[in-house]
>>> print(open('coords-v6.txt').read())   # compact mmCIF, C-alpha atoms and all ligand atoms
# COMPACT_ATOMS: atom_id res chain seq x y z
CA MET A 1 38.28 9.45 53.99
CA ASN A 2 39.35 12.41 51.98
CA ALA A 3 36.20 14.51 51.65
CA SER A 4 37.89 17.00 49.27
CA CYS A 5 38.93 14.40 46.69
CA HIS A 6 37.25 14.93 43.33
CA LEU A 7 37.50 11.66 41.42
CA PRO A 8 37.23 13.02 37.84
CA SER A 9 40.04 15.56 38.41
CA LEU A 10 42.20 12.99 40.20
CA ILE A 11 41.90 10.65 37.21
CA ALA A 12 42.34 13.48 34.68
CA GLU A 13 45.58 14.67 36.34
CA ALA A 14 46.93 11.14 36.42
CA THR A 15 46.01 10.67 32.77
CA GLU A 16 48.06 13.72 31.79
CA LYS A 17 51.09 12.41 33.71
CA LEU A 18 50.77 9.03 32.01
CA ARG A 19 50.22 10.41 28.50
CA ASP A 20 53.86 10.24 27.31
CA ARG A 21 54.36 6.73 28.58
CA CYS A 22 50.98 5.19 27.71
CA GLY A 23 49.66 7.23 24.77
CA ASP A 24 46.04 6.33 24.04
CA GLY A 25 46.05 3.87 26.91
CA ALA A 26 46.66 6.64 29.48
CA VAL A 27 42.99 7.06 30.47
CA PHE A 28 42.45 3.37 31.08
CA GLU A 29 45.75 2.94 32.91
CA ALA A 30 44.99 5.95 35.14
CA ARG A 31 41.67 4.31 36.11
CA LEU A 32 43.24 0.90 36.62
CA LEU A 33 46.05 2.27 38.78
CA LEU A 34 43.47 4.04 40.94
CA GLY A 35 41.73 0.69 41.31
CA ILE A 36 45.02 -0.88 42.44
CA ALA A 37 45.73 2.02 44.82
CA THR A 38 42.31 1.57 46.42
CA GLY A 39 42.70 -2.17 46.79
CA SER A 40 40.70 -3.44 43.83
CA ASP A 41 41.52 -5.39 40.65
CA GLU A 42 39.08 -3.30 38.63
CA ALA A 43 39.46 0.13 37.04
CA VAL A 44 37.82 3.04 38.90
CA TYR A 45 35.60 5.20 36.68
CA PRO A 46 34.95 8.90 37.41
CA HIS A 47 31.25 8.37 38.14
CA MET A 48 31.87 5.71 40.77
CA ARG A 49 31.21 6.36 44.43
CA VAL A 50 34.80 5.70 45.47
CA GLN A 51 36.37 8.00 48.06
CA PRO A 52 40.12 7.30 48.23
CA THR A 53 41.79 8.07 51.56
CA GLU A 54 44.81 10.42 51.81
CA GLN A 55 46.98 7.33 52.12
CA GLN A 56 45.48 5.78 49.00
CA ILE A 57 45.99 9.00 47.04
CA ALA A 58 49.66 9.05 48.10
CA HIS A 59 49.91 5.41 47.02
CA TYR A 60 48.27 6.32 43.70
CA ASP A 61 50.97 8.99 43.13
CA THR A 62 53.67 6.39 43.75
CA LEU A 63 52.09 3.95 41.30
CA ILE A 64 51.79 6.66 38.63
CA ALA A 65 55.48 7.51 39.08
CA GLN A 66 56.39 3.83 38.72
CA ARG A 67 54.30 3.51 35.57
CA CYS A 68 55.84 6.71 34.15
CA ALA A 69 59.26 5.09 34.73
CA GLY A 70 58.19 2.15 32.55
CA LYS A 71 57.03 -0.42 35.11
CA PRO A 72 54.20 -2.39 33.48
CA ILE A 73 50.84 -2.68 35.28
CA SER A 74 51.39 -6.44 35.55
CA ARG A 75 54.61 -5.84 37.54
CA ILE A 76 52.93 -3.17 39.68
CA ARG A 77 50.06 -5.43 40.71
CA GLY A 78 52.13 -8.59 40.58
CA TRP A 79 50.12 -10.69 38.16
CA ARG A 80 49.17 -11.06 34.52
CA GLU A 81 46.14 -12.66 32.97
CA PHE A 82 47.08 -15.28 30.38
CA TRP A 83 44.58 -17.66 28.79
CA SER A 84 41.98 -16.17 31.18
CA LEU A 85 43.99 -17.40 34.15
CA ARG A 86 45.89 -15.34 36.68
CA PHE A 87 49.64 -15.86 36.86
CA TYR A 88 51.59 -14.20 39.67
CA LEU A 89 55.00 -12.90 38.69
CA ASN A 90 58.31 -12.27 40.41
CA SER A 91 61.51 -10.66 39.17
CA ALA A 92 62.72 -14.00 37.73
CA THR A 93 59.65 -14.65 35.59
CA LEU A 94 58.88 -13.26 32.16
CA ASP A 95 55.66 -11.27 31.93
CA PRO A 96 53.62 -13.68 29.74
CA ARG A 97 52.75 -12.35 26.28
CA PRO A 98 49.49 -12.83 24.36
CA ALA A 99 51.45 -14.17 21.36
CA SER A 100 52.41 -17.21 23.44
CA GLU A 101 48.73 -18.21 23.61
CA LEU A 102 49.25 -19.48 20.06
CA LEU A 103 51.18 -22.41 21.53
CA ILE A 104 48.29 -23.29 23.84
CA ASP A 105 45.77 -23.03 21.02
CA LYS A 106 47.80 -25.46 18.95
CA ALA A 107 48.46 -27.88 21.80
CA ILE A 108 44.74 -28.10 22.55
CA SER A 109 43.65 -28.56 18.94
CA PHE A 110 46.32 -31.26 18.56
CA ALA A 111 45.07 -33.07 21.66
CA GLU A 112 41.46 -32.82 20.45
CA SER A 113 42.43 -34.24 17.07
CA GLN A 114 43.75 -37.42 18.66
CA HIS A 115 41.37 -40.34 18.98
CA ASN A 116 39.99 -41.31 22.36
CA MET A 117 41.10 -38.06 23.86
CA GLN A 118 39.04 -38.76 26.97
CA ASN A 119 41.19 -41.76 27.69
CA GLN A 120 44.47 -40.26 26.68
CA GLN A 121 46.85 -39.36 29.44
CA PHE A 122 48.70 -36.65 27.57
CA ARG A 123 52.15 -35.87 28.91
CA VAL A 124 53.22 -32.27 28.47
CA LEU A 125 56.69 -30.79 28.87
CA ASP A 126 57.24 -27.03 29.21
CA LEU A 127 60.84 -25.98 28.59
CA GLY A 128 61.73 -22.64 30.22
CA THR A 129 58.49 -22.47 32.17
CA GLY A 130 58.93 -19.07 33.90
CA SER A 131 55.61 -18.38 35.67
CA GLY A 132 54.37 -21.79 34.50
CA CYS A 133 51.84 -20.11 32.21
CA LEU A 134 52.20 -22.42 29.20
CA LEU A 135 52.04 -25.71 31.07
CA LEU A 136 49.31 -24.62 33.47
CA ALA A 137 47.12 -23.08 30.75
CA CYS A 138 47.44 -26.31 28.79
CA LEU A 139 46.61 -28.51 31.80
CA SER A 140 43.63 -26.30 32.62
CA GLU A 141 42.12 -27.35 29.29
CA LEU A 142 43.34 -30.95 29.00
CA LYS A 143 41.78 -32.46 32.09
CA HIS A 144 43.50 -35.83 31.72
CA ALA A 145 46.95 -34.48 31.03
CA THR A 146 49.90 -34.26 33.37
CA GLY A 147 53.01 -32.21 32.85
CA VAL A 148 56.48 -31.13 33.80
CA GLY A 149 57.85 -27.60 33.71
CA ILE A 150 61.57 -26.91 33.95
CA ASP A 151 63.53 -23.69 34.23
CA ILE A 152 67.14 -22.82 34.96
CA ASN A 153 66.02 -20.22 37.47
CA GLU A 154 65.02 -21.47 40.92
CA GLN A 155 62.94 -18.37 41.72
CA ALA A 156 60.93 -18.91 38.54
CA ILE A 157 60.28 -22.51 39.58
CA ILE A 158 59.10 -21.37 43.03
CA GLN A 159 56.69 -18.94 41.34
CA ALA A 160 55.41 -21.57 38.90
CA GLN A 161 54.75 -23.96 41.81
CA MET A 162 52.80 -21.24 43.60
CA ASN A 163 50.74 -20.57 40.47
CA ALA A 164 50.01 -24.29 40.12
CA ARG A 165 48.72 -24.36 43.71
CA LEU A 166 46.53 -21.29 43.21
CA LEU A 167 45.05 -22.76 40.02
CA ASN A 168 44.42 -26.14 41.64
CA LEU A 169 46.71 -27.83 39.15
CA GLU A 170 49.33 -28.93 41.66
CA ALA A 171 48.37 -32.61 41.46
CA ARG A 172 48.95 -32.80 37.70
CA SER A 173 52.06 -30.64 37.39
CA LYS A 174 55.66 -30.94 38.53
CA PHE A 175 58.22 -28.14 38.32
CA PHE A 176 61.95 -28.33 38.86
CA VAL A 177 65.21 -26.59 38.10
CA SER A 178 67.02 -27.90 35.05
CA ASN A 179 69.37 -26.59 32.39
CA TRP A 180 67.11 -27.52 29.43
CA PHE A 181 66.97 -31.34 29.33
CA ASP A 182 69.85 -31.99 31.75
CA GLY A 183 67.73 -32.83 34.81
CA LEU A 184 64.92 -34.68 33.01
CA ALA A 185 64.65 -38.38 33.82
CA ASP A 186 61.45 -38.86 31.83
CA ASN A 187 61.65 -38.81 28.04
CA SER A 188 58.18 -39.58 26.70
CA PHE A 189 56.15 -36.46 26.07
CA ASP A 190 53.20 -36.05 23.70
CA ILE A 191 53.34 -32.26 23.68
CA VAL A 192 56.40 -30.10 24.23
CA LEU A 193 55.84 -26.39 24.76
CA CYS A 194 58.78 -24.06 24.54
CA ASN A 195 59.22 -20.29 24.56
CA PRO A 196 62.99 -19.98 24.91
CA PRO A 197 65.06 -16.79 25.18
CA TYR A 198 65.50 -15.65 21.56
CA ILE A 199 66.39 -11.95 21.46
CA PRO A 200 69.89 -11.20 20.18
CA ALA A 201 71.87 -9.46 22.96
CA GLU A 202 72.77 -6.65 20.54
CA ASP A 203 69.05 -5.73 20.29
CA GLU A 204 68.82 -4.87 24.00
CA ALA A 205 69.00 -1.10 23.53
CA SER A 206 66.08 -1.13 21.08
CA LEU A 207 63.66 -2.88 23.46
CA GLN A 208 60.82 -1.00 25.15
CA ASP A 209 61.59 0.07 28.73
CA GLU A 210 58.80 -2.22 29.96
CA VAL A 211 60.78 -5.19 28.63
CA ARG A 212 64.39 -3.99 28.94
CA LEU A 213 64.07 -2.80 32.54
CA PHE A 214 61.56 -5.25 34.00
CA ASP A 215 61.78 -8.64 32.29
CA PRO A 216 64.64 -10.88 33.47
CA LYS A 217 67.58 -10.94 31.05
CA GLN A 218 67.85 -14.71 31.40
CA ALA A 219 64.36 -14.97 29.90
CA LEU A 220 65.06 -12.65 26.99
CA PHE A 221 68.50 -12.97 25.48
CA SER A 222 70.28 -15.72 23.62
CA HIS A 223 73.69 -15.77 21.92
CA ASN A 224 74.36 -16.38 18.26
CA GLN A 225 71.77 -13.91 16.93
CA GLY A 226 69.19 -15.25 19.33
CA LEU A 227 69.53 -18.82 18.06
CA ALA A 228 71.84 -20.45 20.63
CA ASP A 229 69.08 -21.87 22.85
CA TYR A 230 67.07 -23.21 19.88
CA GLU A 231 70.19 -25.07 18.82
CA ILE A 232 70.69 -26.69 22.23
CA ILE A 233 67.00 -27.61 22.50
CA PHE A 234 66.63 -28.98 18.97
CA ALA A 235 69.75 -31.14 19.39
CA SER A 236 67.90 -33.26 22.01
CA LEU A 237 64.21 -32.63 21.34
CA ALA A 238 63.55 -35.81 19.33
CA VAL A 239 64.69 -37.98 22.24
CA TYR A 240 61.99 -36.53 24.50
CA LEU A 241 59.13 -36.41 22.01
CA ASN A 242 56.85 -39.43 21.53
CA PRO A 243 56.66 -40.72 17.93
CA ASN A 244 53.29 -39.03 17.30
CA GLY A 245 53.92 -36.03 19.49
CA ILE A 246 54.40 -32.39 18.60
CA ALA A 247 56.54 -29.55 19.88
CA CYS A 248 55.10 -26.02 19.78
CA VAL A 249 58.00 -23.60 19.79
CA GLU A 250 57.70 -19.80 19.91
CA ILE A 251 59.95 -17.84 17.56
CA GLY A 252 60.97 -14.19 17.42
CA TYR A 253 60.07 -11.71 14.69
CA LYS A 254 61.89 -12.49 11.43
CA GLN A 255 63.41 -15.68 12.87
CA SER A 256 61.24 -18.27 11.13
CA GLU A 257 63.66 -19.11 8.29
CA GLN A 258 66.69 -19.45 10.53
CA VAL A 259 64.88 -21.48 13.19
CA MET A 260 63.36 -23.79 10.57
CA GLU A 261 66.83 -24.40 9.11
CA LEU A 262 68.07 -25.32 12.57
CA ALA A 263 65.15 -27.72 13.04
CA TYR A 264 65.94 -29.47 9.73
CA ARG A 265 69.61 -29.69 10.70
CA PHE A 266 68.54 -31.79 13.71
CA ASN A 267 66.20 -33.97 11.60
CA LEU A 268 63.01 -32.46 12.95
CA ASN A 269 60.07 -31.89 10.63
CA VAL A 270 58.28 -28.56 10.51
CA ARG A 271 54.63 -29.53 10.48
CA GLU A 272 53.18 -26.00 10.64
CA VAL A 273 54.23 -22.38 10.88
CA LEU A 274 51.63 -20.38 12.81
CA PRO A 275 51.24 -16.63 12.45
CA ASP A 276 50.12 -14.16 15.11
CA LEU A 277 47.18 -11.78 14.59
CA GLN A 278 49.38 -9.52 12.44
CA GLY A 279 50.26 -12.43 10.16
CA ILE A 280 53.84 -12.70 11.48
CA PRO A 281 55.10 -16.29 11.97
CA ARG A 282 55.47 -16.78 15.74
CA CYS A 283 55.16 -20.50 16.37
CA LEU A 284 56.69 -23.59 14.75
CA VAL A 285 55.03 -26.95 15.19
CA LEU A 286 57.73 -29.62 15.04
CA CYS A 287 57.51 -33.40 14.95
CA HIS A 288 59.62 -36.48 14.12
C1 LIG B 301 61.03 -16.35 27.14
S1 LIG B 301 60.98 -16.95 28.79
C2 LIG B 301 59.49 -17.94 28.74
C3 LIG B 301 58.79 -18.04 30.07
C4 LIG B 301 57.37 -18.64 29.98
N1 LIG B 301 57.41 -19.96 29.37
C5 LIG B 301 56.46 -17.73 29.16
O1 LIG B 301 56.15 -18.08 28.00
O2 LIG B 301 56.04 -16.67 29.67
C6 LIG B 301 62.30 -18.16 28.72
C7 LIG B 301 62.49 -18.96 30.01
O3 LIG B 301 63.58 -19.86 29.79
C8 LIG B 301 64.35 -19.93 30.97
N2 LIG B 301 65.71 -20.38 30.59
C9 LIG B 301 66.72 -19.65 30.07
N3 LIG B 301 67.80 -20.41 29.87
C10 LIG B 301 67.47 -21.67 30.27
C11 LIG B 301 68.17 -22.90 30.31
N4 LIG B 301 69.44 -23.01 29.92
N5 LIG B 301 67.52 -23.98 30.77
C12 LIG B 301 66.23 -23.89 31.21
N6 LIG B 301 65.52 -22.75 31.19
C13 LIG B 301 66.13 -21.64 30.73
C14 LIG B 301 64.30 -18.53 31.54
O4 LIG B 301 64.62 -18.50 32.91
C15 LIG B 301 62.86 -18.13 31.22
O5 LIG B 301 62.00 -18.45 32.29
>>> encode(input="coords-v6.txt", output="structure tokens")
Amino acid sequence: MNASCHLPSLIAEATEKLRDRCGDGAVFEARLLLGIATGSDEAVYPHMRVQPTEQQIAHYDTLIAQRCAGKPISRIRGWREFWSLRFYLNSATLDPRPASELLIDKAISFAESQHNMQNQQFRVLDLGTGSGCLLLACLSELKHATGVGIDINEQAIIQAQMNARLLNLEARSKFFVSNWFDGLADNSFDIVLCNPPYIPAEDEASLQDEVRLFDPKQALFSHNQGLADYEIIFASLAVYLNPNGIACVEIGYKQSEQVMELAYRFNLNVREVLPDLQGIPRCLVLCH
């Protein structure tokens, strides 16, 4: 124990160090990082009866330095909450974004709109699964569904499999390495979820440090103004989608027109364009 440690000043000093990086979030992040340093998932508040040890205070300093260098809290503690579920991350997985929850919302409302949902064995495909967050969040809601998640990165697949185990969804999910559809034997899916890389490589310098330095490049960037992967995926999507199925595809800021044009070029219909909370189109719902 460190008898001399004064919690409010410890947190206040950390807050000042974090101010440039975290702005208004500095106070909360200082409290959360102290929680992590003292072995908890919860933020530590100044009034709490927590007495960090010397070792924990040294660890706290290290975490603050990491955060000041741009490392997101999710990367520091190794997991991110998405759809109220915990997804562990590694260096090959994207840090899941709240905007991607739009795809889950849509997939669930689609499933619920189908008759006899209780008896339906929905088949879900997640293209570019990363941590497995889209497929696993969807399966956590659709209790009769099964699904497949593919990714080109083997380390991402290993992480997704671990997340499936931890969420008790291992029996209904399968993950394997594949370059988009190349390794898929099965071609009858009711719901396809896809958040492909879509950032133009030339935009790299303008990204926040949290993204540019800590998210895997393979998860972020795509050639041809960010459209190259959509083009590959749309060229084969119809083959894998059941006649009444839907594909929920995430799109980047200002990409909706171009991605819709690509979808039409491959004879896909755009059933809906879904905006995020700021009203920006972020998800296309495609069908036959
Ligand atoms: C934007 S991330 C999405 C990750 C996760 N679905 C999510 O929403 O957090 C794109 C994912 O596509 C994978 N990917 C990139 N190119 C691929 C390819 N040719 N075939 C399969 N997956 C690919 C990346 O490894 C990455 O995991």
>>> residues_near_ligand(input="coords-v6.txt", ligand="ligand LIG 301 (chain B)", cutoff="9 Å", atoms="all atoms listed in the file", output="MDAnalysis selection string")
chainID A and resid 92:97 100:101 126:135 149:157 177:182 193:199 216:222 229 232 250
>>> closest_residue(input="coords-v6.txt", among="A:Val239, A:Ala160, A:Leu227, A:Val148", to="Ile251 (chain A)", atoms="all atoms listed in the file")
A:Leu227
>>> closest_residue(input="coords-v6.txt", among="A:Cys22, A:Ala247, A:Ala30, A:Ile108", to="Glu141 (chain A)", atoms="only C-alpha atoms")
A:Ile108
>>> atom_distance(input="coords-v6.txt", atom1="CA of Gly252 (chain A)", atom2="CA of Glu272 (chain A)")
15.7 Å
>>> atom_distance(input="coords-v6.txt", atom1="CA of Gln258 (chain A)", atom2="CA of Leu207 (chain A)")
21.2 Å
>>> closest_residue(input="coords-v6.txt", among="A:Arg271, A:Glu202, A:Val285, A:Gly245", to="Asn224 (chain A)", atoms="all atoms listed in the file")
A:Glu202
>>> atom_distance(input="coords-v6.txt", atom1="CA of Ile36 (chain A)", atom2="CA of Ala69 (chain A)")
17.3 Å
>>> residues_around(input="coords-v6.txt", residues="region 261-267 of chain A", least_positions_apart="4", cutoff="12 Å", atoms="all atoms listed in the file", output="number ranges by chain")
A: 227-239, 247, 249, 255-257, 271, 284-288
>>> closest_residue(input="coords-v6.txt", among="A:Asp190, A:Asp105, A:Glu42, A:Asp209", to="Gly147 (chain A)", atoms="only C-alpha atoms")
A:Asp190
>>> closest_residue(input="coords-v6.txt", among="A:Leu103, A:Leu34, A:Arg75, A:Gln159", to="Asp61 (chain A)", atoms="all atoms listed in the file")
A:Leu34
